[in-house]
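Report on the following structure.
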Amino acid sequence: MKILVVDDESALRRTIRTALESAGHRVSEAANQTQATQQVELAKPDLVLLDLRLGRESGLDVLDVLHKVSPGLGVIVITAHASIDTAVEAMRRGALDYLPKPFTPKQLTDLIVRWGGRTAAEGDGEAVVLDSTEPAMRQALETVFTVATSDATVLLRGESGTGKGVLARAVHARSRRAAGPFVTVHCPSLSSELLESELFGHSRGAFTGAVRTTEGKVAAAAGGTLFLDEVGDLPLPLQPKLLRLVQDRAYERVGETTPRTADVRIVAATNRNLEQEVATGRFREDLFYRLNVIEVTVPPLRDRRADLLPLADHLLAQFAGRAYKPVTGFTPAAREALLRHRWPGNVRELRNAIERAVLLCRESVIDVKDLPTPVTTAPPVASQVAIGEEVPIGAVEIEHIRRVLAASPTLEDAARTLGIDPSTLYRKRKRYGL
Ligand SMILES: Nc1ncnc2c1ncn2[C@@H]1O[C@H](COP(=O)(O)OP(=O)(O)OP(=O)(O)O)[C@@H](O)[C@H]1O
């Protein structure tokens, strides 16, 4: 990409230039507003890195000027350490994202990579954090970044709301297919027939109500990525057809016999224990192995404690910017509540909690009272039991049931995961007050 670096300190410009050039980007530099405007007009950069601290000039004003010169220009601002109030203001004025100082060359290049694919993939303009200090999450991200450029099938595993959809888009954005479409198919469906037609299309008259020929999502994803969300819920009758698609990229429209070839990369996601689904005959083993070429497990948010506050800050900046509200942080009590909660709904729950808090908040910082009740009434984390420690077996059972319940969409699902009868689960739930 062509990147313009705007900073009044020549040493910092040079450091950034070195990092970006060694990642294969072309870099131009500007020390002030006048030079920056000229460079935007002359060099037409794809992305601008703008330090908000620009000597006597205000970086925020420069941001406004650059957007006047080139509306829609992607600008990432560099902010002084941990001052998210200026980041919020910059995002409100249309910056894509912010990079807090001090940063490593890798953080810088990761951010550029993330925004480089934005036109094609992060299409809804939702800024996401693809960085982590938690080993398990780092490993998931590294696998995603490494395999993205190949056409290999990827299976994303993890609880609901952990960001599997976000990672699927990240795979696409970093692939050779990034300029092509990203098409999502939700596999839990009312009927196998409807889903088959949604996936593969149908010919006119194929079934009652099929008044027009439709091409289906596999065809719509040609040249791009087909994302099979909740693939563990794919109805059994459709599984052989999906197997053929994954294995040979071959399929037929409903009502036709002519085989067609699909030009898609497949990414699938599931929150189910597929091994168990295979064992109980609800998921075909051959399909499981075909999908599970590259397996990425996204850890639940409660196991990513170190990521929680940075993620919360990021979401805060995003929603404050979007709502035009000068909310700049959390009170210590609010931070503590965020850290204590178990987040059964994972990042989705966190995201909703923060969006709501930004809207409710009447001060410049979010307090406990702005957070949803389940977050503020979380029992202390210390009540978690550690398997293998000196705890009675009953405590392990309670904790295990609690977690499975939190991760399952319905009681039936939870009972299936636990391998017990729903009525037994119902009784245990009552007895333990879960
Ligand atoms: N790393 C992240 N940074 C910012 N937002 C995130 C991140 N991960 C997830 N989110 C947000 O959390 C929400 C849930 O993410 P996503 O839909 O990808 O989860 P999922 O695992 O696919 O969930 P489900 O299994 O229920 O479909 C989305 O709004 C998404 O934008």
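Every chain in the structure tokens has a letter given in the order shown (A, B, ...), and although residue numbers restart at 1 in each chain, ligands are simply numbered from 1 in the order shown.
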
DSSP-assigned strand (DSSP E or B) among region 204-369 of chain A, expressed as a count of residues only: 25

Exercise answer, 8 Å around ligand 1 with only C-alpha atoms and all ligand atoms, as a VMD selection string: chain A and resid 126 to 131 158 to 168 229 to 230 269 to 271 298 311 314 to 315 346 to 351

Between CA of Lys217 (chain A) and CA of Leu155 (chain A) - distance in Å to one decimal: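 So the answer is 18.9 Å.
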
From A:Gln39, A:Leu194, A:Ile294, A:Arg272, residue lying nearest Thr143 (chain A) [only C-alpha atoms]: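 With only C-alpha atoms as the atom set, the closest residue is A:Ile294.
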
DSSP-assigned helix (DSSP H, G or I) members of region 261-336 of chain A, reported as number ranges by chain: A: 274-279, 285-291, 301-303, 305-323, 332-336

Please produce a file of the residues just selected, as a PDB file, in the first residue's frame, where the atoms kept are C-alpha atoms.
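Result file again11.pdb:
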```
ATOM      1  CA  LEU A 274     -18.231 -31.851  16.577  1.00  0.00           C
ATOM      2  CA  GLU A 275     -16.368 -34.954  17.790  1.00  0.00           C
ATOM      3  CA  GLN A 276     -19.335 -35.652  20.005  1.00  0.00           C
ATOM      4  CA  GLU A 277     -21.779 -34.913  17.208  1.00  0.00           C
ATOM      5  CA  VAL A 278     -19.865 -37.446  15.104  1.00  0.00           C
ATOM      6  CA  ALA A 279     -19.931 -40.011  17.906  1.00  0.00           C
ATOM      7  CA  GLU A 285     -17.276 -38.152  10.136  1.00  0.00           C
ATOM      8  CA  ASP A 286     -15.943 -37.715   6.586  1.00  0.00           C
ATOM      9  CA  LEU A 287     -17.347 -34.192   6.448  1.00  0.00           C
ATOM     10  CA  PHE A 288     -15.838 -33.386   9.806  1.00  0.00           C
ATOM     11  CA  TYR A 289     -12.360 -34.393   8.619  1.00  0.00           C
ATOM     12  CA  ARG A 290     -12.755 -32.473   5.370  1.00  0.00           C
ATOM     13  CA  LEU A 291     -13.712 -29.312   7.227  1.00  0.00           C
ATOM     14  CA  LEU A 301     -13.579 -14.116  26.810  1.00  0.00           C
ATOM     15  CA  ARG A 302     -13.362 -15.267  30.449  1.00  0.00           C
ATOM     16  CA  ASP A 303     -10.117 -17.021  29.538  1.00  0.00           C
ATOM     17  CA  ARG A 305      -8.676 -11.664  30.991  1.00  0.00           C
ATOM     18  CA  ALA A 306      -5.689  -9.662  29.786  1.00  0.00           C
ATOM     19  CA  ASP A 307      -7.573  -8.710  26.640  1.00  0.00           C
ATOM     20  CA  LEU A 308     -10.679  -7.564  28.401  1.00  0.00           C
ATOM     21  CA  LEU A 309      -9.860  -3.966  29.267  1.00  0.00           C
ATOM     22  CA  PRO A 310      -8.054  -3.152  26.005  1.00  0.00           C
ATOM     23  CA  LEU A 311     -11.053  -4.568  24.139  1.00  0.00           C
ATOM     24  CA  ALA A 312     -13.437  -2.582  26.340  1.00  0.00           C
ATOM     25  CA  ASP A 313     -11.452   0.620  25.682  1.00  0.00           C
ATOM     26  CA  HIS A 314     -11.532  -0.057  21.989  1.00  0.00           C
ATOM     27  CA  LEU A 315     -15.286  -0.656  21.940  1.00  0.00           C
ATOM     28  CA  LEU A 316     -15.793   2.439  24.065  1.00  0.00           C
ATOM     29  CA  ALA A 317     -13.888   4.618  21.597  1.00  0.00           C
ATOM     30  CA  GLN A 318     -15.839   3.127  18.737  1.00  0.00           C
ATOM     31  CA  PHE A 319     -19.290   3.620  20.258  1.00  0.00           C
ATOM     32  CA  ALA A 320     -18.510   7.028  21.738  1.00  0.00           C
ATOM     33  CA  GLY A 321     -17.369   8.154  18.308  1.00  0.00           C
ATOM     34  CA  ARG A 322     -20.448   6.747  16.686  1.00  0.00           C
ATOM     35  CA  ALA A 323     -22.827   8.269  19.247  1.00  0.00           C
ATOM     36  CA  PRO A 332     -12.067   2.034  38.569  1.00  0.00           C
ATOM     37  CA  ALA A 333     -15.210   0.347  39.939  1.00  0.00           C
ATOM     38  CA  ALA A 334     -16.573  -0.170  36.438  1.00  0.00           C
ATOM     39  CA  ARG A 335     -13.289  -1.699  35.308  1.00  0.00           C
ATOM     40  CA  GLU A 336     -13.358  -4.028  38.251  1.00  0.00           C
TER      41      GLU A 336
END
```

Interatomic distance (Å, one decimal) between CA of Tyr324 (chain A) and CA of Thr377 (chain A):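 Pair CA of Tyr324 (chain A) / CA of Thr377 (chain A) returns 29.3 Å.
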
Long-range neighbours of Ile112 (chain A) as a count of residues only, 10 Å cut-off, only C-alpha atoms, 4 positions minimum in chain: 15

Counting only C-alpha atoms, the option among A:Leu338, A:Val218, A:Ile354, A:Leu156 closest to Asn292 (chain A):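 Among A:Leu338, A:Val218, A:Ile354, A:Leu156, it is A:Leu156 that comes nearest to Asn292 (chain A).
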
Nearest residue to Leu111 (chain A) from the set A:Leu96, A:Ser175, A:Thr37, A:Leu360 (distances using only C-alpha atoms):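 The shortest atom-to-atom distance to Leu111 (chain A) comes from A:Leu96.
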
CA of Leu63 (chain A) to CA of Thr18 (chain A), straight-line distance in Å: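 Straight-line distance from CA of Thr18 (chain A) to CA of Leu63 (chain A) works out to 23.6 Å.
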
Write out as CSV the residues of region 229-308 of chain A that have any atom within 10 Å of an atom of region 195-201 of chain A, one row each with the nearest atom pair and its distance in Å to one decimal, counting only C-alpha atoms, sorted by chain and then rising number.
```
residue,atom,partner,partner_atom,distance
A:Leu234,CA,A:Leu195,CA,8.8
A:Pro235,CA,A:Leu195,CA,8.8
A:Pro237,CA,A:Glu196,CA,9.5
A:Leu238,CA,A:Glu196,CA,6.8
A:Lys241,CA,A:Glu196,CA,8.7
A:Leu242,CA,A:Leu199,CA,9.3
A:Leu245,CA,A:Phe200,CA,9.8
A:Tyr251,CA,A:Phe200,CA,7.0
A:Glu252,CA,A:Phe200,CA,6.5
A:Arg253,CA,A:Gly201,CA,5.0
A:Val254,CA,A:Ser197,CA,6.1
A:Gly255,CA,A:Gly201,CA,9.1
A:Glu256,CA,A:Gly201,CA,9.7
A:Arg260,CA,A:Phe200,CA,9.5
A:Ala262,CA,A:Phe200,CA,9.8
```
